[in-house]
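I have placed the structure first, in the form of structure tokens, so that the comments after it can refer back to it.
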Amino acid sequence: VVATGGRTYLGGMAEALAAPPPPTAFDRGVAAFTGLMLRFIVVMVPLVFVVNGLTKGEWGEAFFFAVAVAVGLTPEMLPMIVTVCLSKGALAMGRRKVIVKRINAIQNLGAMDVLCTDKTGTLTMDHVILEKYCDVVLKPDAGVLALAYLNSHFQTGLRSVLDRAVLAHAEAHAAAAVPDHVKVDEIPFDFQRRVMSVVVRTPAGQDRLICKGAPEAVFPRCKAFELDGELYPMDHLLITELKQEYEELSADGFRVLAVATKEAAPRAAGGGGTAYTTADECDLILNGYVAFLDPPKDTARAAIKALDGLGVRVKVLTGDNDLVARKVCRDVGIPTDSVLLGGQIEGMTDAELAAAAAGATLFARVSPEHKRRIVAALRANGHTVGFMGDGINDAPALRTADVGVSVDTAVDIAKESADLILLEKSLMVLEAGVVEGRKVFANILKYVRMGASSNFGNMFSVLGASAFVPFLPMAPIQILANNLLYDVSQTAIPTDDVDPEQVEKPRPWDMGLLTRFIVFVGPCSSLFDYTTFLVLLYAFGCWNVSTPEAAAHSASLFQTGWFVESLLTQTLIIHVIRTNRVPFLQSTASWPLLVTSALVAAVGVGLPYTPVGTYLGFTPLPAAYWPVLGVTLVSYVAVTQLVKAWLLRRGWI
């Protein structure tokens with residue numbers, strides 16, 4: 001015993017899978033937006049408190065006003081909007097044969113710009129057929145098939161698709177004389193050796209070690225090769241020629257395994273230990289090859305083209321050799337100008353791998369740890385990475401990716417590590433999921449833009465009004481009522497339609513773009529808030545605070561006018577921000593969002609004329625105010641649309 005528990009290879013993998021997954025692109029985006037809003041609140045609230053306390057002299061009122069402003073700035077609808085959008089997306093993806101295990105993976109799928117996938121079953125039919133069994137010069141040899149059959153028959157590990165393809169040749173059972181052989185021992189497969197061996201007792205009473213594995217892993221273990229019943233030494237010149245033989249098969253798309261044997265005197269296991277170890281996999285005789293064919297799927301080329309049209313680059317990570325993988329990639333339309341092999345990756349630092357992985361489209365002869373490192377390197381380059389796999393060796397990479405994708409026929413550890421489970425192993429299914437994920441994120445981003453730009457604009461409006469207006473610009477309870485109605489108007493955002501251009505390319509969280517949007521769109525609302533302030537103060541006499549009665553009337557009129565204008569502009573701006581097109585003319589919101597907006601606007605307009613409005617401190621607005629408000633709303637929509645179009649032309653949306 002050389003290692004136990006977590007110090008073993010599988011133990012280390014198990015501990016890595018049990019650890020909390022690294023933050024995904026979605027997690028980092030939500031955290032960044034939340035941090036931005038918190039900074040707004042931390043700066044704004046104390047400032048509002050101090051300004052109102054100093055200018056009004058009522059520190060108690062200033063405190064409650066500042067608290068109400070803090071509530072208004074808090075994006076309290078964010079959890080609800082995000083959860084409902086993601087849940088709606090999960091239901092839609094369920095109808096498209098995708099089971100969502102971790103709900104935030106939907107947005108990650110939409111933001112994905114690199115998809116790493118295995119080859120077998122994804123790009124190929126996953127129906128492996130043993131096509132050739134031959135000697136070292138590629139002449140058919142039934143003896144090689146018999147040896148491969150004995151190896152696959154007596155091994156007790158998890159049988160691969162290649163083993164099942166060998167065992168499907170039932171006629172080899174008799175040729176191999178299976179009943180006449182007795183299993184003595186087994187040296188299981190691992191991803192470092194890339195070979196596995198069984199030891200059988202032959203009818204002659206000898207022990208025969210039968211080794212099967214990747215040719216480049218078997219060759220160094222051989223001292224000679226067999227051809228036409230004769231043995232020849234594995235000298236350098238002959239090895240080169242032998243490699244050319246199996247590389248011809250690989251170049252034709254065959255997956256090739258070498259078969260080698262070794263005869264030994266009978267040996268018994270003692271004390272419950274193992275009689276044979278990996279050290280015995282030496283001085284072998286190379287007998288020949290078994291070659292398998294797994295043809296590409298008919299839909300693979302169309303799916304890869306569709307993903308490429310959506311801005312998703314497909315990279316292939318496979319344990320097979322590069323010749324087989326190149327052939328399959330060419331057949332399905334994946335360029336293979338840049339290929340990285342597992343041996344090259346082994347000697348690279350993480351920084352070197354990140355630089356090399358950026359341009360490579362095919363990674364061949366990679367181990368589970370290589371796959372994990374490749375995914376981590378691509379993420380370090382700023383990509384949102386998806387990984388699709390279904391085997392034991394895919395589990396670490398599935399865990400590391402922003403979104404791990406497996407299939408319902410995968411091994412349990414792969415399904416446990418994945419975020420999404422496909423009921424059909426096809427990239428076409430995944431392509432539909434990518435589009436749905438982008439729709440979900442588009443609707444989440446609508447709320448984020450609305451909330452952030454509105455809050456940024458309100459900072460200037462509240463600060464200006466607090467500094468110059470001789471009373472509170474809005475009572476705390478009025479701020480809360482405004483915030484409640486505005487939140488209600490946004491509840492239908494998850495039902496909204498998404499313009500086609502918003503799902504054409506990956507849409508990751510980009511705080512730089514969001515910040516520019518906030519900085520330019522937010523002040524538009526402040527501009528029209530200030531015009532409203534000036535109209536109320538000068539045209540409607542709200543400067544009049546000469547008597548307590550006049551001051552109370554002026555305050556109530558000012559607060560009512562700003563409440564209605566603020567609520568209507570915020571509700572209306574939803575329809576401007578929700579699309580990059582001209583609202584109402586080129587793009588119309590879903591009917592639930594239209595109805596909700598209309599109802600909230602009606603409540604806002606009618607509230608001052610109700611007993612509830614009187615309780616909240618509102619007063620009926622003069623008739624002359626409504627035309628002014630109409631001009632304000634139309635001008636606000638026009639200016640915001642112009643600013644949005646300018647940002648769009650500069651690529652800042």
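Letters A, B, ... mark the chains of the structure tokens in the order given; residue numbers begin at 1 per chain; ligand numbers begin at 1, in order shown.
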
What's around range 84-98 of chain A at 9 Å? Count only C-alpha atoms, leave out sequence neighbours fewer than 6 positions away in its own chain, and write the answer as a PDB file with N, CA and C atoms, in the first residue's frame.
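Output below, filename selection03.pdb:
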ATOM      1  N   ASN A 104     -29.073  28.610 -12.023  1.00  0.00           N
ATOM      2  CA  ASN A 104     -28.295  29.729 -12.572  1.00  0.00           C
ATOM      3  C   ASN A 104     -27.442  29.316 -13.761  1.00  0.00           C
ATOM      4  N   ALA A 105     -27.396  28.005 -14.044  1.00  0.00           N
ATOM      5  CA  ALA A 105     -26.654  27.542 -15.225  1.00  0.00           C
ATOM      6  C   ALA A 105     -27.306  28.011 -16.517  1.00  0.00           C
ATOM      7  N   ILE A 106     -28.588  28.384 -16.468  1.00  0.00           N
ATOM      8  CA  ILE A 106     -29.282  28.819 -17.682  1.00  0.00           C
ATOM      9  C   ILE A 106     -28.629  30.081 -18.235  1.00  0.00           C
ATOM     10  N   GLN A 107     -28.361  31.049 -17.351  1.00  0.00           N
ATOM     11  CA  GLN A 107     -27.721  32.277 -17.819  1.00  0.00           C
ATOM     12  C   GLN A 107     -26.302  31.995 -18.287  1.00  0.00           C
ATOM     13  N   VAL A 407     -25.479  13.952 -20.109  1.00  0.00           N
ATOM     14  CA  VAL A 407     -26.657  13.324 -20.717  1.00  0.00           C
ATOM     15  C   VAL A 407     -27.225  12.293 -19.747  1.00  0.00           C
ATOM     16  N   LEU A 420     -26.566  20.781 -16.249  1.00  0.00           N
ATOM     17  CA  LEU A 420     -27.670  20.500 -17.165  1.00  0.00           C
ATOM     18  C   LEU A 420     -27.553  19.054 -17.632  1.00  0.00           C
ATOM     19  N   ILE A 421     -28.690  18.395 -17.797  1.00  0.00           N
ATOM     20  CA  ILE A 421     -28.727  17.028 -18.300  1.00  0.00           C
ATOM     21  C   ILE A 421     -29.544  17.018 -19.588  1.00  0.00           C
ATOM     22  N   LEU A 422     -28.929  16.586 -20.678  1.00  0.00           N
ATOM     23  CA  LEU A 422     -29.635  16.480 -21.951  1.00  0.00           C
ATOM     24  C   LEU A 422     -30.298  15.105 -22.050  1.00  0.00           C
ATOM     25  N   LEU A 423     -31.556  15.094 -22.442  1.00  0.00           N
ATOM     26  CA  LEU A 423     -32.253  13.833 -22.646  1.00  0.00           C
ATOM     27  C   LEU A 423     -31.930  13.243 -24.017  1.00  0.00           C
ATOM     28  N   GLU A 424     -31.211  14.003 -24.815  1.00  0.00           N
ATOM     29  CA  GLU A 424     -30.769  13.526 -26.127  1.00  0.00           C
ATOM     30  C   GLU A 424     -29.369  14.067 -26.351  1.00  0.00           C
ATOM     31  N   VAL A 429     -29.687  19.991 -29.574  1.00  0.00           N
ATOM     32  CA  VAL A 429     -30.445  20.259 -28.353  1.00  0.00           C
ATOM     33  C   VAL A 429     -29.768  21.368 -27.559  1.00  0.00           C
ATOM     34  N   LEU A 430     -28.433  21.313 -27.506  1.00  0.00           N
ATOM     35  CA  LEU A 430     -27.690  22.321 -26.757  1.00  0.00           C
ATOM     36  C   LEU A 430     -27.820  23.693 -27.404  1.00  0.00           C
ATOM     37  N   ALA A 432     -30.398  24.922 -28.942  1.00  0.00           N
ATOM     38  CA  ALA A 432     -31.683  25.483 -28.513  1.00  0.00           C
ATOM     39  C   ALA A 432     -31.593  25.996 -27.080  1.00  0.00           C
ATOM     40  N   GLY A 433     -30.822  25.294 -26.232  1.00  0.00           N
ATOM     41  CA  GLY A 433     -30.640  25.740 -24.852  1.00  0.00           C
ATOM     42  C   GLY A 433     -29.871  27.042 -24.769  1.00  0.00           C
ATOM     43  N   GLU A 436     -32.265  29.865 -25.474  1.00  0.00           N
ATOM     44  CA  GLU A 436     -33.167  30.084 -24.331  1.00  0.00           C
ATOM     45  C   GLU A 436     -32.420  30.783 -23.196  1.00  0.00           C
ATOM     46  N   GLY A 437     -31.169  30.387 -22.970  1.00  0.00           N
ATOM     47  CA  GLY A 437     -30.382  31.033 -21.925  1.00  0.00           C
ATOM     48  C   GLY A 437     -30.165  32.509 -22.200  1.00  0.00           C
ATOM     49  N   LYS A 439     -32.205  34.443 -23.903  1.00  0.00           N
ATOM     50  CA  LYS A 439     -33.480  35.126 -23.665  1.00  0.00           C
ATOM     51  C   LYS A 439     -33.653  35.428 -22.179  1.00  0.00           C
ATOM     52  N   VAL A 440     -33.297  34.459 -21.356  1.00  0.00           N
ATOM     53  CA  VAL A 440     -33.403  34.643 -19.906  1.00  0.00           C
ATOM     54  C   VAL A 440     -32.522  35.805 -19.466  1.00  0.00           C
ATOM     55  N   PHE A 441     -31.268  35.819 -19.919  1.00  0.00           N
ATOM     56  CA  PHE A 441     -30.364  36.876 -19.493  1.00  0.00           C
ATOM     57  C   PHE A 441     -30.800  38.234 -20.028  1.00  0.00           C
ATOM     58  N   ASN A 443     -33.781  39.345 -20.366  1.00  0.00           N
ATOM     59  CA  ASN A 443     -34.821  39.878 -19.487  1.00  0.00           C
ATOM     60  C   ASN A 443     -34.267  40.269 -18.124  1.00  0.00           C
ATOM     61  N   ILE A 444     -33.277  39.516 -17.624  1.00  0.00           N
ATOM     62  CA  ILE A 444     -32.640  39.912 -16.363  1.00  0.00           C
ATOM     63  C   ILE A 444     -31.921  41.248 -16.552  1.00  0.00           C
ATOM     64  N   ILE A 493     -41.712  41.593 -16.293  1.00  0.00           N
ATOM     65  CA  ILE A 493     -40.530  41.549 -17.162  1.00  0.00           C
ATOM     66  C   ILE A 493     -40.173  40.124 -17.578  1.00  0.00           C
ATOM     67  N   PRO A 494     -40.261  39.111 -16.682  1.00  0.00           N
ATOM     68  CA  PRO A 494     -39.908  37.744 -17.121  1.00  0.00           C
ATOM     69  C   PRO A 494     -40.760  37.215 -18.275  1.00  0.00           C
ATOM     70  N   THR A 495     -41.943  37.811 -18.495  1.00  0.00           N
ATOM     71  CA  THR A 495     -42.809  37.346 -19.587  1.00  0.00           C
ATOM     72  C   THR A 495     -42.499  38.048 -20.907  1.00  0.00           C
TER      73      THR A 495
END

Checklist entry - Among range 87-334 of chain A, which ones does DSSP place in helix (DSSP H, G or I), written as JSON, numbers by chain? => result {"A": [87, 88, 89, 90, 91, 92, 93, 94, 95, 105, 106, 107, 108, 109, 110, 111, 142, 143, 144, 145, 146, 147, 148, 149, 150, 151, 152, 153, 154, 161, 162, 163, 164, 165, 166, 167, 171, 172, 173, 174, 175, 178, 179, 180, 215, 216, 217, 218, 219, 220, 221, 236, 237, 238, 239, 240, 241, 242, 243, 244, 245, 246, 247, 248, 249, 250, 251, 278, 279, 280, 300, 301, 302, 303, 304, 305, 306, 307, 308, 309, 322, 323, 324, 325, 326, 327, 328, 329, 330, 331, 332]}

Item to check | Residue among A:Gly157, A:Leu115, A:Leu647, A:Gln244 lying closest to Ile304 in chain A, counting only C-alpha atoms | outcome: A:Leu115

Next on the checklist: Taking only C-alpha atoms into account, name the residue in A:Val469, A:Ala602, A:Val366, A:Ile374 that is nearest to Glu352 in chain A.
Outcome noted: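 Nearest to Glu352 in chain A: A:Ile374.
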
Checklist entry - By how many Å are CA of Thr571 in chain A and CA of Ala111 in chain A apart? => result 28.2 Å

Next on the checklist: I'd like the contact shell of Leu284 in chain A - 7 Å cut-off, only C-alpha atoms, skipping same-chain residues fewer than 2 positions apart - returned as a list in words.
Outcome noted: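 Those residues are Arg221, Cys222, Lys223, Ala224, Ala260, Thr261, Lys262, Glu281, Cys282 and Leu286 of chain A.
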
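Once Ser197 in chain A and its same-chain neighbours fewer than 2 positions away are set aside, Glu186, Ile187, Ile210 and Cys211 of chain A remain within 6 Å of it when counting only C-alpha atoms.
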
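Of the residues listed (A:Ala204, A:Val82, A:Val69, A:Ile653), A:Val69 shows the shortest atom-to-atom separation from Asn482 in chain A; distances use only C-alpha atoms.
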
Next on the checklist: So that I can check the secondary structure, give me every residue of range 108-146 of chain A assigned strand (DSSP E) by backbone DSSP, as a ChimeraX atom specification.
Outcome noted: /A:114-117,129-134

Give me a file of those residues, with all heavy atoms, as a PDB file, in the first residue's frame.
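What landed in selection15.pdb:
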ATOM      1  N   VAL A 114     -17.448  29.610 -25.395  1.00  0.00           N
ATOM      2  CA  VAL A 114     -16.605  28.466 -25.739  1.00  0.00           C
ATOM      3  C   VAL A 114     -17.271  27.204 -25.198  1.00  0.00           C
ATOM      4  O   VAL A 114     -17.635  27.151 -24.023  1.00  0.00           O
ATOM      5  CB  VAL A 114     -15.188  28.593 -25.145  1.00  0.00           C
ATOM      6  CG1 VAL A 114     -14.394  27.304 -25.374  1.00  0.00           C
ATOM      7  CG2 VAL A 114     -14.441  29.770 -25.762  1.00  0.00           C
ATOM      8  N   LEU A 115     -17.452  26.221 -26.069  1.00  0.00           N
ATOM      9  CA  LEU A 115     -17.987  24.925 -25.651  1.00  0.00           C
ATOM     10  C   LEU A 115     -16.912  23.867 -25.859  1.00  0.00           C
ATOM     11  O   LEU A 115     -16.459  23.640 -26.977  1.00  0.00           O
ATOM     12  CB  LEU A 115     -19.232  24.553 -26.460  1.00  0.00           C
ATOM     13  CG  LEU A 115     -19.753  23.128 -26.236  1.00  0.00           C
ATOM     14  CD1 LEU A 115     -20.220  22.937 -24.790  1.00  0.00           C
ATOM     15  CD2 LEU A 115     -20.874  22.784 -27.204  1.00  0.00           C
ATOM     16  N   CYS A 116     -16.486  23.256 -24.757  1.00  0.00           N
ATOM     17  CA  CYS A 116     -15.553  22.137 -24.822  1.00  0.00           C
ATOM     18  C   CYS A 116     -16.372  20.849 -24.761  1.00  0.00           C
ATOM     19  O   CYS A 116     -17.240  20.711 -23.898  1.00  0.00           O
ATOM     20  CB  CYS A 116     -14.570  22.179 -23.656  1.00  0.00           C
ATOM     21  SG  CYS A 116     -13.519  23.642 -23.632  1.00  0.00           S
ATOM     22  N   THR A 117     -16.108  19.949 -25.664  1.00  0.00           N
ATOM     23  CA  THR A 117     -16.910  18.733 -25.724  1.00  0.00           C
ATOM     24  C   THR A 117     -16.028  17.533 -25.991  1.00  0.00           C
ATOM     25  O   THR A 117     -14.947  17.652 -26.583  1.00  0.00           O
ATOM     26  CB  THR A 117     -17.997  18.849 -26.817  1.00  0.00           C
ATOM     27  OG1 THR A 117     -18.720  17.615 -26.889  1.00  0.00           O
ATOM     28  CG2 THR A 117     -17.388  19.136 -28.169  1.00  0.00           C
ATOM     29  N   ILE A 129     -17.966   0.148 -33.665  1.00  0.00           N
ATOM     30  CA  ILE A 129     -17.941  -1.166 -34.312  1.00  0.00           C
ATOM     31  C   ILE A 129     -16.488  -1.576 -34.515  1.00  0.00           C
ATOM     32  O   ILE A 129     -15.661  -0.764 -34.966  1.00  0.00           O
ATOM     33  CB  ILE A 129     -18.658  -1.125 -35.677  1.00  0.00           C
ATOM     34  CG1 ILE A 129     -20.102  -0.658 -35.512  1.00  0.00           C
ATOM     35  CG2 ILE A 129     -18.610  -2.476 -36.357  1.00  0.00           C
ATOM     36  CD1 ILE A 129     -20.779  -0.328 -36.830  1.00  0.00           C
ATOM     37  N   LEU A 130     -16.159  -2.815 -34.145  1.00  0.00           N
ATOM     38  CA  LEU A 130     -14.833  -3.344 -34.416  1.00  0.00           C
ATOM     39  C   LEU A 130     -14.745  -3.678 -35.908  1.00  0.00           C
ATOM     40  O   LEU A 130     -15.396  -4.597 -36.390  1.00  0.00           O
ATOM     41  CB  LEU A 130     -14.573  -4.599 -33.573  1.00  0.00           C
ATOM     42  CG  LEU A 130     -13.254  -5.333 -33.823  1.00  0.00           C
ATOM     43  CD1 LEU A 130     -12.074  -4.412 -33.588  1.00  0.00           C
ATOM     44  CD2 LEU A 130     -13.156  -6.567 -32.946  1.00  0.00           C
ATOM     45  N   GLU A 131     -13.966  -2.890 -36.628  1.00  0.00           N
ATOM     46  CA  GLU A 131     -13.895  -3.026 -38.081  1.00  0.00           C
ATOM     47  C   GLU A 131     -12.718  -3.875 -38.548  1.00  0.00           C
ATOM     48  O   GLU A 131     -12.799  -4.575 -39.544  1.00  0.00           O
ATOM     49  CB  GLU A 131     -13.790  -1.639 -38.725  1.00  0.00           C
ATOM     50  CG  GLU A 131     -15.086  -0.846 -38.726  1.00  0.00           C
ATOM     51  CD  GLU A 131     -16.033  -1.301 -39.813  1.00  0.00           C
ATOM     52  OE1 GLU A 131     -15.576  -1.828 -40.840  1.00  0.00           O
ATOM     53  OE2 GLU A 131     -17.254  -1.142 -39.629  1.00  0.00           O
ATOM     54  N   LYS A 132     -11.587  -3.790 -37.849  1.00  0.00           N
ATOM     55  CA  LYS A 132     -10.384  -4.483 -38.303  1.00  0.00           C
ATOM     56  C   LYS A 132      -9.679  -5.140 -37.127  1.00  0.00           C
ATOM     57  O   LYS A 132      -9.655  -4.592 -36.021  1.00  0.00           O
ATOM     58  CB  LYS A 132      -9.413  -3.502 -38.981  1.00  0.00           C
ATOM     59  CG  LYS A 132      -9.921  -2.884 -40.277  1.00  0.00           C
ATOM     60  CD  LYS A 132      -8.890  -1.921 -40.852  1.00  0.00           C
ATOM     61  CE  LYS A 132      -9.381  -1.246 -42.121  1.00  0.00           C
ATOM     62  NZ  LYS A 132      -9.471  -2.187 -43.246  1.00  0.00           N
ATOM     63  N   TYR A 133      -9.120  -6.313 -37.364  1.00  0.00           N
ATOM     64  CA  TYR A 133      -8.185  -6.945 -36.432  1.00  0.00           C
ATOM     65  C   TYR A 133      -7.064  -7.485 -37.297  1.00  0.00           C
ATOM     66  O   TYR A 133      -7.273  -8.267 -38.217  1.00  0.00           O
ATOM     67  CB  TYR A 133      -8.849  -8.026 -35.588  1.00  0.00           C
ATOM     68  CG  TYR A 133      -9.847  -8.888 -36.315  1.00  0.00           C
ATOM     69  CD1 TYR A 133      -9.463 -10.068 -36.967  1.00  0.00           C
ATOM     70  CD2 TYR A 133     -11.196  -8.520 -36.370  1.00  0.00           C
ATOM     71  CE1 TYR A 133     -10.386 -10.850 -37.645  1.00  0.00           C
ATOM     72  CE2 TYR A 133     -12.125  -9.300 -37.044  1.00  0.00           C
ATOM     73  CZ  TYR A 133     -11.713 -10.459 -37.674  1.00  0.00           C
ATOM     74  OH  TYR A 133     -12.629 -11.242 -38.355  1.00  0.00           O
ATOM     75  N   CYS A 134      -5.865  -7.010 -37.047  1.00  0.00           N
ATOM     76  CA  CYS A 134      -4.773  -7.249 -37.983  1.00  0.00           C
ATOM     77  C   CYS A 134      -3.439  -7.351 -37.261  1.00  0.00           C
ATOM     78  O   CYS A 134      -3.314  -6.963 -36.092  1.00  0.00           O
ATOM     79  CB  CYS A 134      -4.729  -6.138 -39.025  1.00  0.00           C
ATOM     80  SG  CYS A 134      -4.693  -4.492 -38.309  1.00  0.00           S
TER      81      CYS A 134
END

Next on the checklist: From the options A:Gly205, A:Gly651, A:Gly359, A:Pro622, which residue's atoms come nearest to Arg516 in chain A, counting only C-alpha atoms?
Outcome noted: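 Using only C-alpha atoms, the shortest distance to Arg516 in chain A belongs to A:Gly651.
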
Listing only residues of range 41-128 of chain A within 12 Å of range 158-162 of chain A, what is the closest atom pair and its distance in Å (to one decimal) for each, using only C-alpha atoms, sorted by chain and residue number ascending, as CSV?
residue,atom,partner,partner_atom,distance
A:Thr120,CA,A:Val161,CA,9.6
A:Gly121,CA,A:Val161,CA,10.5
A:Met125,CA,A:Val161,CA,11.8
A:Asp126,CA,A:Val161,CA,8.2
A:His127,CA,A:Val161,CA,8.0
A:Val128,CA,A:Val161,CA,6.5

Next on the checklist: For Gly630 in chain A, find every residue with an atom within 12 Å (counting only C-alpha atoms), except residues of its own chain fewer than 4 positions away, and show them as a PyMOL selection string.
Outcome noted: chain A and resi 528+532+564-565+568-569+572+623-626+634-637

Suppose we keep C-alpha atoms; can you now write the selection as a short mmCIF file (atom, residue, chain, number, x, y, z; two decimals), in the first residue's frame?
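That gives us out.cif:
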data_model
loop_
_atom_site.label_atom_id
_atom_site.label_comp_id
_atom_site.auth_asym_id
_atom_site.auth_seq_id
_atom_site.Cartn_x
_atom_site.Cartn_y
_atom_site.Cartn_z
CA PHE A 528 -36.68 66.08 -16.60
CA THR A 532 -40.62 69.41 -13.26
CA VAL A 564 -46.72 61.35 -10.52
CA GLU A 565 -43.95 62.49 -12.89
CA LEU A 568 -44.84 57.71 -15.02
CA THR A 569 -41.34 58.32 -16.37
CA LEU A 572 -42.57 54.42 -19.37
CA ALA A 623 -55.50 70.92 -14.74
CA ALA A 624 -52.68 72.99 -16.23
CA TYR A 625 -50.12 70.52 -14.88
CA TRP A 626 -51.23 67.63 -17.13
CA VAL A 634 -42.76 62.63 -24.65
CA SER A 635 -39.50 64.62 -24.40
CA TYR A 636 -38.08 62.15 -21.86
CA VAL A 637 -38.78 59.16 -24.12
#

Next on the checklist: I need the residue nearest Ser417 in chain A from this list: A:Val2, A:Leu472, A:Val535, A:Ala19. Use only C-alpha atoms for the distance.
Outcome noted: A:Ala19

Next on the checklist: Can you pull out the residues contacting Trp591 in chain A? Cut-off 10 Å, using only C-alpha atoms, and skip same-chain residues under 5 positions away; I want them as a ChimeraX atom specification.
Outcome noted: /A:492,495-497,596-597

Item to check | Residue neighbourhood Val639 in chain A, 10 Å, only C-alpha atoms, exclusion window fewer than 5 positions, as a PyMOL selection string | outcome: chain A and resi 521+524-525+528+633-634+644-645

Generate a file of the selected residues that holds N, CA and C atoms, formatted as a compact mmCIF listing (two decimals), in the first residue's frame.
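Contents of the output file part.txt:
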# COMPACT_ATOMS: atom_id res chain seq x y z
N VAL A 521 -27.56 57.17 -19.43
CA VAL A 521 -29.02 57.13 -19.43
C VAL A 521 -29.61 57.65 -18.13
N CYS A 524 -30.64 61.33 -17.72
CA CYS A 524 -31.79 61.79 -18.52
C CYS A 524 -33.01 61.99 -17.63
N SER A 525 -33.22 61.07 -16.69
CA SER A 525 -34.38 61.22 -15.80
C SER A 525 -34.20 62.43 -14.89
N PHE A 528 -35.24 65.78 -16.56
CA PHE A 528 -36.68 66.08 -16.60
C PHE A 528 -37.28 66.16 -15.20
N LEU A 633 -43.13 63.78 -20.59
CA LEU A 633 -43.02 62.35 -20.87
C LEU A 633 -42.55 62.09 -22.30
N VAL A 634 -43.15 62.82 -23.26
CA VAL A 634 -42.76 62.63 -24.65
C VAL A 634 -41.30 63.03 -24.85
N LYS A 644 -29.80 56.26 -26.11
CA LYS A 644 -29.66 54.80 -26.28
C LYS A 644 -29.14 54.48 -27.67
N ALA A 645 -29.66 55.14 -28.70
CA ALA A 645 -29.20 54.90 -30.07
C ALA A 645 -27.74 55.29 -30.22

Checklist outcome for this item: Using only C-alpha atoms, the best pick from A:Gln206, A:Thr384, A:Ser566, A:Asn580 as closest to Gly29 in chain A would be A:Thr384

Item to check | Point-to-point distance in Å for CA of Ala172 in chain A and CA of Leu150 in chain A | outcome: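 So the two atoms, CA of Leu150 in chain A and CA of Ala172 in chain A, lie 9.0 Å apart.
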